[in-house]
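Here's the structure, in structure tokens; my notes come after.
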Amino acid sequence: VFDSPSYSSLSDVYEDSDLPHHKDLNGGYAQSKYVAEKLIMEARNRGIPTCIYRPGYITGHSVSGIWNPDDWLCRMIKGCCLLGCYPWINTKLDMSPVDFVSGAIVHLMAEEDSVMNHKAYHVVNPHEFEFHALFRAATRIGYRITELPIEEWKQELFEAYEEHHAKGKKININDNPLFPLVTYFNEDFGISKARPWYDNTNILDALADTNIQCPSVIELLGSYYRFLVLCGYMNMPKKPSQWAKKKLGFDNEAQQGLRRKIHPGDEKTDLTRVSPHTFEHLMRNNRS
């Protein structure tokens, strides 16, 4: 509902906004969201207790890191690590862990006051951070990856794709996951556009006395990189940092040992199908 260009000049968008901008919303998805929210707002105006929950960009579990590897950000992480470079994009990033989003919504729905006090909640990660934090975390873990201006990064991606295509190879799961998306990067792709920050005062107040919290940025990204490596989606860095070895268990013995615990004799198990609680239990046992 905030995809309208009219919001891009604002620094913040508030939870109780009446959504004044809509005429330049593009696409049925954003337009249908707008219509749905206005219907809910009208119902509230007529005395029906209603509330709107607006999740941010929902990402993997904050502890186990379990995530859909086909997600666009997962593709960016792996693709840029394979390229050895990432684009400098001056934008803020919202990564809202699925367990935080679901826990917050369930808690709010069970509290009558939360519906009466506010008409909407931005269920977003309260820790604001920049796009490049995704890849500076990679550097801290031990990946060799450099920052490039976005046009230079695009050129690196296009050249890598052309080289792959010239060899007559078909794109498969082991190739750069950004290759199927090269045409998407021909233009100024959406994440590079300026956008406001989604104010989350209401949600922070509502969760103040609960244990529903988001971890720090480095902890969250560490969980995600750990999962993407241990599920086999990404390779571990050739020389993991001491921090990655200590905090993430990044060493060959840990990686192979975890797979053996799940399926003895099968070290290619798809760990993306393991539940968050099982995955974290296996991680703890493997590191003890």
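If you're wondering about the labels, chains in the structure tokens are A, B, ... by order shown, residues count from 1 in each chain, ligands from 1 in order shown.
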>> What parts of region 60-270 of chain A does DSSP call strand (DSSP E or B)? I'd like the answer as a ChimeraX atom specification.
In response: /A:85-88,92-93,96-97,120-123,129-130,146-149,197-198
>> When you look at region 198-208 of chain A with a cut-off of 8 Å (counting only C-alpha atoms), what residues show up, excluding the ones that are within fewer than 6 positions of it in the same chain? I need them as a list in words.
In response: Asp12, Val13, Tyr14, Glu15, Ala104, Leu108, Ser114, His118, Ala120, Tyr121, His122, Val123, Val124 and Pro126 of chain A
Pull C-alpha atoms from the residues just selected and write them as a PDB file, in the first residue's frame.
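The result, stored in selection28.pdb:
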ATOM      1  CA  ASP A  12       8.669   7.946   7.675  1.00  0.00           C
ATOM      2  CA  VAL A  13       5.275   6.390   7.056  1.00  0.00           C
ATOM      3  CA  TYR A  14       3.179   6.100  10.198  1.00  0.00           C
ATOM      4  CA  GLU A  15       1.115   3.089  11.230  1.00  0.00           C
ATOM      5  CA  ALA A 104       3.801 -10.542  17.201  1.00  0.00           C
ATOM      6  CA  LEU A 108      -1.672  -8.732  19.278  1.00  0.00           C
ATOM      7  CA  SER A 114      -4.273  -3.765  20.903  1.00  0.00           C
ATOM      8  CA  HIS A 118      -4.580   1.355  17.279  1.00  0.00           C
ATOM      9  CA  ALA A 120      -2.754  -0.672  12.325  1.00  0.00           C
ATOM     10  CA  TYR A 121       0.644  -2.135  13.205  1.00  0.00           C
ATOM     11  CA  HIS A 122       3.794  -2.268  11.123  1.00  0.00           C
ATOM     12  CA  VAL A 123       5.177  -5.678  12.019  1.00  0.00           C
ATOM     13  CA  VAL A 124       8.712  -4.890  10.872  1.00  0.00           C
ATOM     14  CA  PRO A 126      12.917  -2.574  14.586  1.00  0.00           C
TER      15      PRO A 126
END
>> So that I can see what lies close to region 46-63 of chain A, please list as JSON, numbers by chain the residues with an atom at most 9 Å from it, counting only C-alpha atoms and leaving out residues fewer than 3 positions away in the same chain.
In response: {"A": [15, 37, 40, 41, 42, 43, 66, 67, 68, 71, 73, 93, 94, 95, 96, 97, 98, 99, 100, 101, 105, 109, 114, 115, 116, 118, 119, 120, 121, 122, 123, 124, 125, 198, 214, 215, 219, 220, 221, 223, 224, 276, 277, 280]}
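CA of Tyr86 (chain A) lies 19.4 Å from CA of Arg226 (chain A).
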